[in-house]
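The file data.cif contains mmCIF, C-alpha atoms and all ligand atoms:
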data_coords
loop_
_atom_site.label_atom_id
_atom_site.label_comp_id
_atom_site.auth_asym_id
_atom_site.auth_seq_id
_atom_site.Cartn_x
_atom_site.Cartn_y
_atom_site.Cartn_z
CA MET A 1474 123.50 163.79 185.59
CA LYS A 1475 123.26 161.09 188.22
CA LEU A 1476 121.22 157.90 188.65
CA CYS A 1477 119.46 157.84 192.03
CA GLU A 1478 117.46 155.17 193.83
CA LYS A 1479 114.92 155.77 196.59
CA ASN A 1480 112.36 153.26 197.92
CA GLY A 1481 113.19 151.03 194.95
CA VAL A 1482 112.41 153.77 192.41
CA LYS A 1483 115.25 154.68 190.06
CA PHE A 1484 115.44 158.15 188.48
CA PHE A 1485 117.92 160.67 187.12
CA THR A 1486 118.67 164.16 188.39
CA PHE A 1487 120.96 166.88 187.09
CA GLU A 1488 123.60 168.43 189.33
CA ASN A 1489 123.34 171.92 187.80
CA ILE A 1490 119.54 172.00 188.11
CA GLU A 1491 119.71 170.71 191.69
CA LYS A 1492 122.32 173.33 192.57
CA THR A 1493 119.89 176.18 191.81
CA GLY A 1494 118.14 175.13 195.04
CA ILE A 1495 114.74 176.35 193.87
CA VAL A 1496 113.26 173.30 192.11
CA ASN A 1497 112.32 169.65 192.44
CA HIS A 1498 112.99 167.66 189.28
CA CYS A 1499 113.79 164.26 187.82
CA PHE A 1500 113.68 162.08 184.73
CA SER A 1501 112.03 158.72 185.34
CA THR A 1502 113.25 155.22 184.49
CA ARG A 1503 111.18 152.05 184.10
CA VAL A 1504 112.35 150.76 187.49
CA GLY A 1505 110.30 150.77 190.70
CA GLY A 1506 106.68 150.74 189.55
CA VAL A 1507 103.76 148.31 189.54
CA SER A 1508 103.03 147.84 185.82
CA GLU A 1509 103.52 144.38 184.35
CA GLY A 1510 104.73 142.58 181.24
CA LYS A 1511 106.11 144.79 178.47
CA LEU A 1512 105.13 147.86 180.48
CA SER A 1513 107.13 146.69 183.48
CA SER A 1514 107.31 148.48 185.66
CA LEU A 1515 107.14 152.27 186.02
CA ASN A 1516 104.96 153.12 183.03
CA LEU A 1517 103.73 156.72 183.16
CA GLY A 1518 101.52 156.67 180.06
CA TYR A 1519 97.76 156.46 180.57
CA ASN A 1520 97.55 155.88 176.82
CA ARG A 1521 99.72 152.74 176.67
CA GLY A 1522 97.01 150.16 177.35
CA ASP A 1523 97.95 149.91 181.01
CA ASN A 1524 95.59 149.70 183.97
CA ARG A 1525 94.76 153.26 185.06
CA GLU A 1526 95.26 152.60 188.77
CA ARG A 1527 98.71 151.18 188.13
CA VAL A 1528 99.79 154.26 186.18
CA SER A 1529 98.48 156.52 188.96
CA GLU A 1530 100.39 154.49 191.54
CA ASN A 1531 103.54 154.85 189.43
CA PHE A 1532 103.06 158.62 189.32
CA ARG A 1533 102.51 158.68 193.08
CA ARG A 1534 105.77 156.77 193.62
CA ILE A 1535 108.01 158.80 191.32
CA CYS A 1536 106.60 162.08 192.69
CA GLN A 1537 106.85 161.00 196.30
CA VAL A 1538 110.57 160.18 196.14
CA ASN A 1539 111.18 163.59 194.58
CA ASP A 1540 109.13 165.67 197.04
CA MET A 1541 106.43 166.46 194.49
CA ASP A 1542 102.66 166.02 194.83
CA HIS A 1543 101.28 163.94 191.94
CA ARG A 1544 97.93 165.76 192.31
CA GLU A 1545 99.70 169.01 191.34
CA MET A 1546 100.94 167.70 188.00
CA VAL A 1547 100.13 169.40 184.71
CA PHE A 1548 100.35 167.55 181.42
CA GLY A 1549 98.55 167.13 178.14
CA LYS A 1550 98.64 165.47 174.76
CA GLN A 1551 101.93 166.18 172.98
CA ILE A 1552 102.01 166.46 169.19
CA HIS A 1553 105.70 166.82 168.23
CA GLY A 1554 105.14 170.54 167.71
CA THR A 1555 106.83 173.58 169.24
CA LYS A 1556 103.98 175.36 171.03
CA ILE A 1557 104.61 176.35 174.66
CA LYS A 1558 101.88 176.89 177.23
CA THR A 1559 102.19 179.15 180.27
CA VAL A 1560 100.53 177.25 183.12
CA THR A 1561 99.40 178.22 186.62
CA LYS A 1562 98.06 176.68 189.80
CA ASN A 1563 94.65 176.53 188.06
CA ASP A 1564 96.00 173.90 185.67
CA CYS A 1565 97.16 171.57 188.45
CA GLY A 1566 95.56 168.14 188.50
CA CYS A 1567 95.25 168.27 184.76
CA GLY A 1568 95.55 164.74 183.39
CA VAL A 1569 95.35 162.96 186.74
CA VAL A 1570 92.61 164.39 188.97
CA PHE A 1571 90.57 165.37 185.92
CA GLU A 1572 90.89 164.73 182.19
CA SER A 1573 93.43 167.03 180.56
CA LYS A 1574 92.08 169.46 177.99
CA ILE A 1575 95.60 170.56 177.12
CA THR A 1576 96.47 169.49 173.58
CA ASP A 1577 98.86 170.71 170.92
CA PHE A 1578 101.53 171.79 173.40
CA ASP A 1579 104.97 170.22 173.74
CA GLY A 1580 106.34 172.53 176.39
CA TYR A 1581 105.26 174.35 179.53
CA ILE A 1582 106.55 177.32 181.48
CA THR A 1583 105.52 178.77 184.83
CA ASN A 1584 106.63 181.11 187.61
CA GLU A 1585 104.27 179.63 190.20
CA PRO A 1586 105.50 177.23 192.91
CA ASP A 1587 104.14 173.69 193.30
CA VAL A 1588 103.00 173.44 189.70
CA VAL A 1589 104.55 170.14 188.58
CA LEU A 1590 105.35 170.31 184.86
CA VAL A 1591 105.39 166.89 183.16
CA THR A 1592 106.39 165.86 179.64
CA PHE A 1593 106.39 162.32 178.22
CA HIS A 1594 109.24 160.58 176.45
CA ALA A 1595 110.38 157.28 174.97
CA ASP A 1596 113.44 158.34 172.88
CA CYS A 1597 112.46 162.02 172.41
CA VAL A 1598 114.67 164.57 174.13
CA PRO A 1599 113.56 166.19 177.43
CA LEU A 1600 114.74 169.77 177.94
CA PHE A 1601 114.85 171.39 181.40
CA PHE A 1602 115.20 175.15 182.00
CA VAL A 1603 115.52 177.01 185.32
CA ASP A 1604 115.96 180.77 185.78
CA PRO A 1605 116.96 181.16 189.45
CA ILE A 1606 116.91 184.97 189.21
CA LYS A 1607 113.32 185.36 187.99
CA ASN A 1608 112.14 182.07 189.56
CA VAL A 1609 110.85 180.74 186.27
CA ILE A 1610 110.97 177.18 184.92
CA GLY A 1611 110.39 175.54 181.55
CA LEU A 1612 110.15 171.93 180.42
CA SER A 1613 109.83 170.72 176.87
CA HIS A 1614 109.61 167.66 174.64
CA SER A 1615 111.92 167.76 171.65
CA GLY A 1616 111.98 164.73 169.37
CA TRP A 1617 113.54 165.07 165.95
CA LYS A 1618 110.62 167.14 164.67
CA GLY A 1619 110.72 169.41 167.71
CA THR A 1620 114.48 169.69 167.35
CA VAL A 1621 114.17 170.68 163.67
CA GLY A 1622 111.54 173.20 164.86
CA LYS A 1623 114.15 174.52 167.34
CA MET A 1624 112.12 173.74 170.44
CA ALA A 1625 115.07 174.53 172.75
CA LYS A 1626 115.26 178.06 171.37
CA VAL A 1627 111.48 178.51 171.29
CA THR A 1628 111.24 177.61 174.99
CA VAL A 1629 113.91 180.14 175.98
CA GLN A 1630 112.27 182.85 173.84
CA GLU A 1631 108.93 182.16 175.52
CA MET A 1632 110.55 182.50 178.98
CA GLN A 1633 111.98 185.84 177.84
CA LYS A 1634 108.71 187.07 176.34
CA VAL A 1635 106.34 186.04 179.14
CA PHE A 1636 108.52 186.50 182.21
CA GLY A 1637 111.41 188.74 181.12
CA CYS A 1638 114.07 186.06 181.70
CA ASN A 1639 117.65 186.76 180.71
CA PRO A 1640 119.02 183.65 178.90
CA GLN A 1641 122.42 184.21 180.53
CA ASN A 1642 120.84 183.36 183.88
CA ILE A 1643 119.15 180.18 182.69
CA VAL A 1644 120.47 176.80 183.81
CA ALA A 1645 119.52 174.01 181.40
CA ALA A 1646 119.71 170.24 180.99
CA ILE A 1647 119.28 167.75 178.17
CA GLY A 1648 117.95 164.42 179.44
CA PRO A 1649 118.04 160.73 178.48
CA SER A 1650 116.82 160.06 174.95
CA ILE A 1651 117.96 158.28 171.80
CA GLY A 1652 121.65 159.04 171.32
CA GLY A 1653 123.81 159.68 168.27
CA CYS A 1654 124.85 156.02 168.62
CA CYS A 1655 121.36 154.79 167.69
CA PHE A 1656 119.37 157.57 166.01
CA GLN A 1657 119.49 156.44 162.41
CA VAL A 1658 117.59 158.43 159.78
CA ASP A 1659 117.02 158.55 156.02
CA LYS A 1660 118.30 161.35 153.82
CA PRO A 1661 115.10 163.48 153.87
CA VAL A 1662 115.30 163.82 157.66
CA ALA A 1663 119.03 164.63 157.55
CA ASP A 1664 118.27 167.20 154.84
CA GLU A 1665 115.66 168.92 157.02
CA PHE A 1666 118.28 169.44 159.71
CA MET A 1667 120.81 170.66 157.14
CA SER A 1668 118.41 173.22 155.69
CA GLU A 1669 117.22 174.52 159.08
CA MET A 1670 120.56 174.91 160.86
CA ILE A 1671 123.93 175.99 159.59
CA PHE A 1672 125.72 173.99 162.27
CA ALA A 1673 123.80 170.74 161.58
CA SER A 1674 126.64 169.04 159.66
CA LYS A 1675 128.65 168.91 162.90
CA TYR A 1676 126.06 166.53 164.35
CA ILE A 1677 125.18 164.39 161.34
CA CYS A 1678 127.32 161.59 159.97
CA ASN A 1679 127.01 158.76 157.48
CA ASP A 1680 125.94 155.53 159.12
CA GLU A 1681 128.88 153.27 158.31
CA SER A 1682 126.85 150.12 158.91
CA SER A 1683 124.05 151.08 156.54
CA GLU A 1684 124.40 152.51 153.02
CA GLY A 1685 122.42 155.72 152.44
CA LYS A 1686 121.53 156.15 156.11
CA PHE A 1687 122.63 158.84 158.51
CA LYS A 1688 123.00 159.24 162.24
CA ILE A 1689 122.08 162.40 164.11
CA ASP A 1690 123.28 163.55 167.52
CA LEU A 1691 120.13 165.24 168.89
CA TRP A 1692 121.89 166.12 172.16
CA GLY A 1693 124.52 168.11 170.28
CA VAL A 1694 121.91 169.90 168.15
CA ASN A 1695 119.78 170.81 171.18
CA ARG A 1696 122.83 172.04 173.08
CA GLU A 1697 123.81 174.21 170.11
CA LEU A 1698 120.24 175.61 169.93
CA MET A 1699 120.38 176.49 173.63
CA ILE A 1700 123.65 178.37 173.08
CA GLU A 1701 122.13 180.18 170.08
CA ALA A 1702 119.27 181.21 172.38
CA GLY A 1703 121.80 182.84 174.71
CA ILE A 1704 122.33 180.19 177.39
CA LEU A 1705 125.95 179.99 178.56
CA PRO A 1706 127.68 176.69 177.61
CA GLU A 1707 128.84 176.19 181.21
CA ASN A 1708 125.20 176.29 182.35
CA ILE A 1709 124.15 173.33 180.19
CA GLU A 1710 124.33 169.73 181.40
CA VAL A 1711 123.94 166.94 178.84
CA THR A 1712 122.97 163.31 179.43
CA ASN A 1713 125.18 160.40 178.42
CA TYR A 1714 122.40 157.81 178.56
CA CYS A 1715 120.83 156.60 175.31
CA THR A 1716 117.32 155.18 175.81
CA MET A 1717 117.79 152.61 173.05
CA CYS A 1718 121.09 151.28 174.45
CA HIS A 1719 119.79 150.81 178.01
CA ASP A 1720 116.57 148.82 177.92
CA ASP A 1721 117.03 147.84 181.56
CA LEU A 1722 116.38 151.49 182.47
CA PHE A 1723 114.25 152.91 179.67
CA TYR A 1724 111.40 152.32 177.27
CA SER A 1725 112.47 153.01 173.69
CA HIS A 1726 109.98 153.60 170.88
CA ARG A 1727 112.58 152.70 168.25
CA LYS A 1728 113.36 149.43 169.97
CA MET A 1729 109.96 148.37 171.31
CA GLY A 1730 107.49 150.02 168.93
CA GLU A 1731 103.97 150.61 170.22
CA GLU A 1732 104.38 148.00 172.93
CA ARG A 1733 106.24 150.24 175.27
CA GLY A 1734 105.61 152.29 178.36
CA SER A 1735 106.20 156.02 178.76
CA LEU A 1736 108.94 157.77 180.68
CA ALA A 1737 108.48 161.30 181.97
CA ALA A 1738 110.38 164.43 182.91
CA PHE A 1739 109.26 166.40 186.00
CA LEU A 1740 110.06 169.95 187.06
CA SER A 1741 108.48 172.22 189.68
CA LEU A 1742 109.40 175.32 191.66
CA LYS A 1743 109.61 174.73 195.39
CA SER A 1744 107.22 176.72 197.58
ZN ZN B 1801 122.32 154.18 171.70
#
Taking this structure as input, can you express it in the form of structure tokens?
Amino acid sequence: MKLCEKNGVKFFTFENIEKTGIVNHCFSTRVGGVSEGKLSSLNLGYNRGDNRERVSENFRRICQVNDMDHREMVFGKQIHGTKIKTVTKNDCGCGVVFESKITDFDGYITNEPDVVLVTFHADCVPLFFVDPIKNVIGLSHSGWKGTVGKMAKVTVQEMQKVFGCNPQNIVAAIGPSIGGCCFQVDKPVADEFMSEMIFASKYICNDESSEGKFKIDLWGVNRELMIEAGILPENIEVTNYCTMCHDDLFYSHRKMGEERGSLAAFLSLKS
């Protein structure tokens, strides 16, 4: 993963995703937009109390520096679930040009070019999937609930079911989100992971600074879920940026609470 800067806008891209040659993609930072105060400056959430025009301008900027058209974006209201929607050109503009009617979905897949998939994040894990053989892409939002629900695996299975993708061909990336350094949980959450996944103990440890608390490495769990789904380990790139540790680059829900902006992940097939 590398940090890029273009026209004052900072964003991350993944080398393995870029190397497929068939997509435009990025993960946003808070740098290079027009929002002010606590939302400064590249807030991408229309639901964060920001001025609508400013958010639209931020979308225009982040899309423009990544060769994507912000009018072709597709997004909806995420609910920390694991439902995936197959979207097409007909869904483009959803959320920006017209009000999005898409709710209850936390992931999107498509095989159509110039459909810009967008998911929102502020600590939750973004997952990118590209099948360069079938020309299919997937993007999903996997916070701790989505991760317990095995969102990474669900997304791959949906790509297989709908488009006949072979997981061995899929190139995947795990983007900036709260890291194992900062993601502290209580026992019930740790227990959910332990009961859902046999490998969970590898990614959960006692929080030495806080009695009775645990820390979970969501990147490790998501990577393991991708491998379980059939993706080859060498095809998976994992971030090393924790959103809570780097408040110069990211909004963090854990750190800032409700007074935070939204980051977003973008992925689209080139025409
Ligand atoms: Zn951290």
message: List as a PyMOL selection string the protein and nucleic acid residues lying within 7 Å of ligand ZN 1801 (chain B), with all atoms listed in the file counted.
response: chain A and resi 1651-1655+1715-1718
message: I need the residue nearest A:Glu1572 from this list: A:Val1694, A:Met1632, A:Leu1740, A:Val1547. Use only C-alpha atoms for the distance.
response: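 Looking at the shortest contact to A:Glu1572, the residue is A:Val1547.
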query: Using only C-alpha atoms, which residues sit within 8 Å of A:Asn1497 once same-chain residues fewer than 4 positions away are excluded, as an MDAnalysis selection string?
result: chainID A and resid 1491 1539:1541 1739:1743
- request: Mind checking which residues fall within 7 Å of A:Ile1647, counting only C-alpha atoms, ignoring those fewer than 5 positions away in the same chain, and posting them as a PyMOL selection string?
  value: chain A and resi 1598-1601+1692+1710-1712
message: I'd like the neighbourhood of A:Leu1612 as an MDAnalysis selection string, where a residue qualifies if any of its atoms comes within 12 Å (using all atoms listed in the file), though same-chain residues fewer than 4 positions away should be ignored.
response: chainID A and resid 1498:1500 1547:1548 1555:1560 1578:1583 1588:1593 1598:1604 1624:1625 1627:1629 1631:1632 1644:1648 1737:1742
Around stretch 1684-1690 of chain A, fit a box with edges along x, y and z, padding it by 5 Å on each side, then list its centre and edge lengths in Å to one decimal as JSON.
{"center_x": 123.0, "center_y": 158.0, "center_z": 160.0, "size_x": 12.9, "size_y": 21.0, "size_z": 25.1}
Could you give me, as CSV, every stretch 1541-1624 of chain A residue with an atom at most 12 Å from stretch 1668-1685 of chain A, plus its closest atom pair and distance in Å to one decimal, counting all atoms listed in the file, rows ordered by chain then number?
residue,atom,partner,partner_atom,distance
A:Lys1618,CA,A:Glu1669,CA,11.4
A:Gly1619,CA,A:Glu1669,CA,12.0
A:Thr1620,CA,A:Glu1669,CA,10.0
A:Val1621,CA,A:Glu1669,CA,6.7
A:Gly1622,CA,A:Glu1669,CA,8.2
A:Lys1623,CA,A:Glu1669,CA,8.8
message: For a test of reading the model, state the distance in Å between atom CA of A:Ser1508 and atom CA of A:Cys1536, rounded to one decimal.
response: 16.2 Å
field: Nearest to A:Thr1486, chosen from A:Val1538, A:Val1528, A:Cys1597, A:Val1658, with all atoms listed in the file counted in the distances
entry: A:Val1538
- request: May I ask which of the residues A:Val1482, A:Ile1535, A:Ile1709, A:Leu1736 is the closest one to A:Asn1516, counting all atoms listed in the file?
  value: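 Closest candidate: A:Leu1736.
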Option closest in space to A:Arg1525, from A:Val1569, A:Asn1608, A:Ala1595, A:Gly1505 [counting all atoms listed in the file]: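 With all atoms listed in the file as the atom set, the closest residue is A:Val1569.
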field: Contacts of A:Gly1549 within 6 Å, only C-alpha atoms, excl. fewer than 6 positions in-chain, as an NGL selection string
entry: :A and (1573 or 1575-1576)
Writer output for current selection, C-alpha atoms, as an mmCIF file, in the frame of the given file:
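Contents of selection_8.cif, freshly written:
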data_model
loop_
_atom_site.group_PDB
_atom_site.id
_atom_site.type_symbol
_atom_site.label_atom_id
_atom_site.label_comp_id
_atom_site.auth_asym_id
_atom_site.auth_seq_id
_atom_site.Cartn_x
_atom_site.Cartn_y
_atom_site.Cartn_z
ATOM 1 C CA SER A 1573 93.430 167.030 180.560
ATOM 2 C CA ILE A 1575 95.600 170.560 177.120
ATOM 3 C CA THR A 1576 96.470 169.490 173.580
#
message: For a quick check of understanding, using only C-alpha atoms, which of A:Gln1657, A:Asn1531, A:Asn1695, A:Asn1563 has the smallest distance to A:Arg1727?
response: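 The answer is A:Gln1657, which sits nearest to A:Arg1727.
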- request: Measuring atom to atom with only C-alpha atoms, identify which of A:Ile1610, A:Ala1702, A:Met1546, A:Val1570 is nearest to A:Gln1630.
  value: A:Ala1702
Between atom CA of A:Ser1650 and atom CA of A:Glu1478 - distance in Å to one decimal: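 Separation between atom CA of A:Glu1478 and atom CA of A:Ser1650: 19.5 Å.
The two atoms in question, atom CA of A:Phe1656 and atom CA of A:Asp1690, are spaced 7.3 Å apart.
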task: List the neighbours of A:Glu1530 out to 8 Å using all atoms listed in the file; skip same-chain residues closer than 3 positions along the sequence, and give me the result as a VMD selection string.
output: chain A and resid 1506 to 1507 1526 to 1527 1533 to 1534
Rebuild N, CA and C atoms on stretch 1576-1596 of chain A, as a CSV table (one decimal), keeping the file's coordinate frame?
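Listed below is the output, out07.csv:
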chain,number,residue,atom,x,y,z
A,1576,THR,N,96.0,170.2,174.7
A,1576,THR,CA,96.5,169.5,173.6
A,1576,THR,C,97.3,170.5,172.7
A,1577,ASP,N,98.1,169.9,171.9
A,1577,ASP,CA,98.9,170.7,170.9
A,1577,ASP,C,100.1,171.4,171.5
A,1578,PHE,N,100.4,171.1,172.8
A,1578,PHE,CA,101.5,171.8,173.4
A,1578,PHE,C,102.6,170.8,173.7
A,1579,ASP,N,103.9,171.1,173.4
A,1579,ASP,CA,105.0,170.2,173.7
A,1579,ASP,C,105.9,170.8,174.8
A,1580,GLY,N,105.5,171.9,175.4
A,1580,GLY,CA,106.3,172.5,176.4
A,1580,GLY,C,105.5,173.4,177.3
A,1581,TYR,N,106.0,173.6,178.5
A,1581,TYR,CA,105.3,174.4,179.5
A,1581,TYR,C,106.2,175.2,180.3
A,1582,ILE,N,105.8,176.4,180.6
A,1582,ILE,CA,106.6,177.3,181.5
A,1582,ILE,C,105.7,177.8,182.6
A,1583,THR,N,106.3,178.2,183.7
A,1583,THR,CA,105.5,178.8,184.8
A,1583,THR,C,106.5,179.5,185.8
A,1584,ASN,N,105.9,180.4,186.5
A,1584,ASN,CA,106.6,181.1,187.6
A,1584,ASN,C,105.9,180.9,188.9
A,1585,GLU,N,105.0,179.9,189.0
A,1585,GLU,CA,104.3,179.6,190.2
A,1585,GLU,C,104.8,178.4,190.9
A,1586,PRO,N,105.0,178.4,192.2
A,1586,PRO,CA,105.5,177.2,192.9
A,1586,PRO,C,104.5,176.1,193.0
A,1587,ASP,N,105.0,174.9,193.1
A,1587,ASP,CA,104.1,173.7,193.3
A,1587,ASP,C,103.3,173.4,192.1
A,1588,VAL,N,103.7,173.9,190.9
A,1588,VAL,CA,103.0,173.4,189.7
A,1588,VAL,C,104.0,172.5,189.1
A,1589,VAL,N,103.6,171.2,189.0
A,1589,VAL,CA,104.6,170.1,188.6
A,1589,VAL,C,104.4,169.9,187.1
A,1590,LEU,N,105.4,170.5,186.3
A,1590,LEU,CA,105.4,170.3,184.9
A,1590,LEU,C,105.8,168.9,184.5
A,1591,VAL,N,105.1,168.3,183.6
A,1591,VAL,CA,105.4,166.9,183.2
A,1591,VAL,C,105.4,166.8,181.6
A,1592,THR,N,106.4,166.2,181.1
A,1592,THR,CA,106.4,165.9,179.6
A,1592,THR,C,106.7,164.4,179.5
A,1593,PHE,N,106.2,163.8,178.4
A,1593,PHE,CA,106.4,162.3,178.2
A,1593,PHE,C,107.4,162.0,177.1
A,1594,HIS,N,108.1,160.9,177.3
A,1594,HIS,CA,109.2,160.6,176.4
A,1594,HIS,C,109.4,159.1,176.3
A,1595,ALA,N,109.9,158.7,175.1
A,1595,ALA,CA,110.4,157.3,175.0
A,1595,ALA,C,111.3,157.3,173.8
A,1596,ASP,N,112.4,158.0,173.9
A,1596,ASP,CA,113.4,158.3,172.9
A,1596,ASP,C,113.6,159.8,172.6
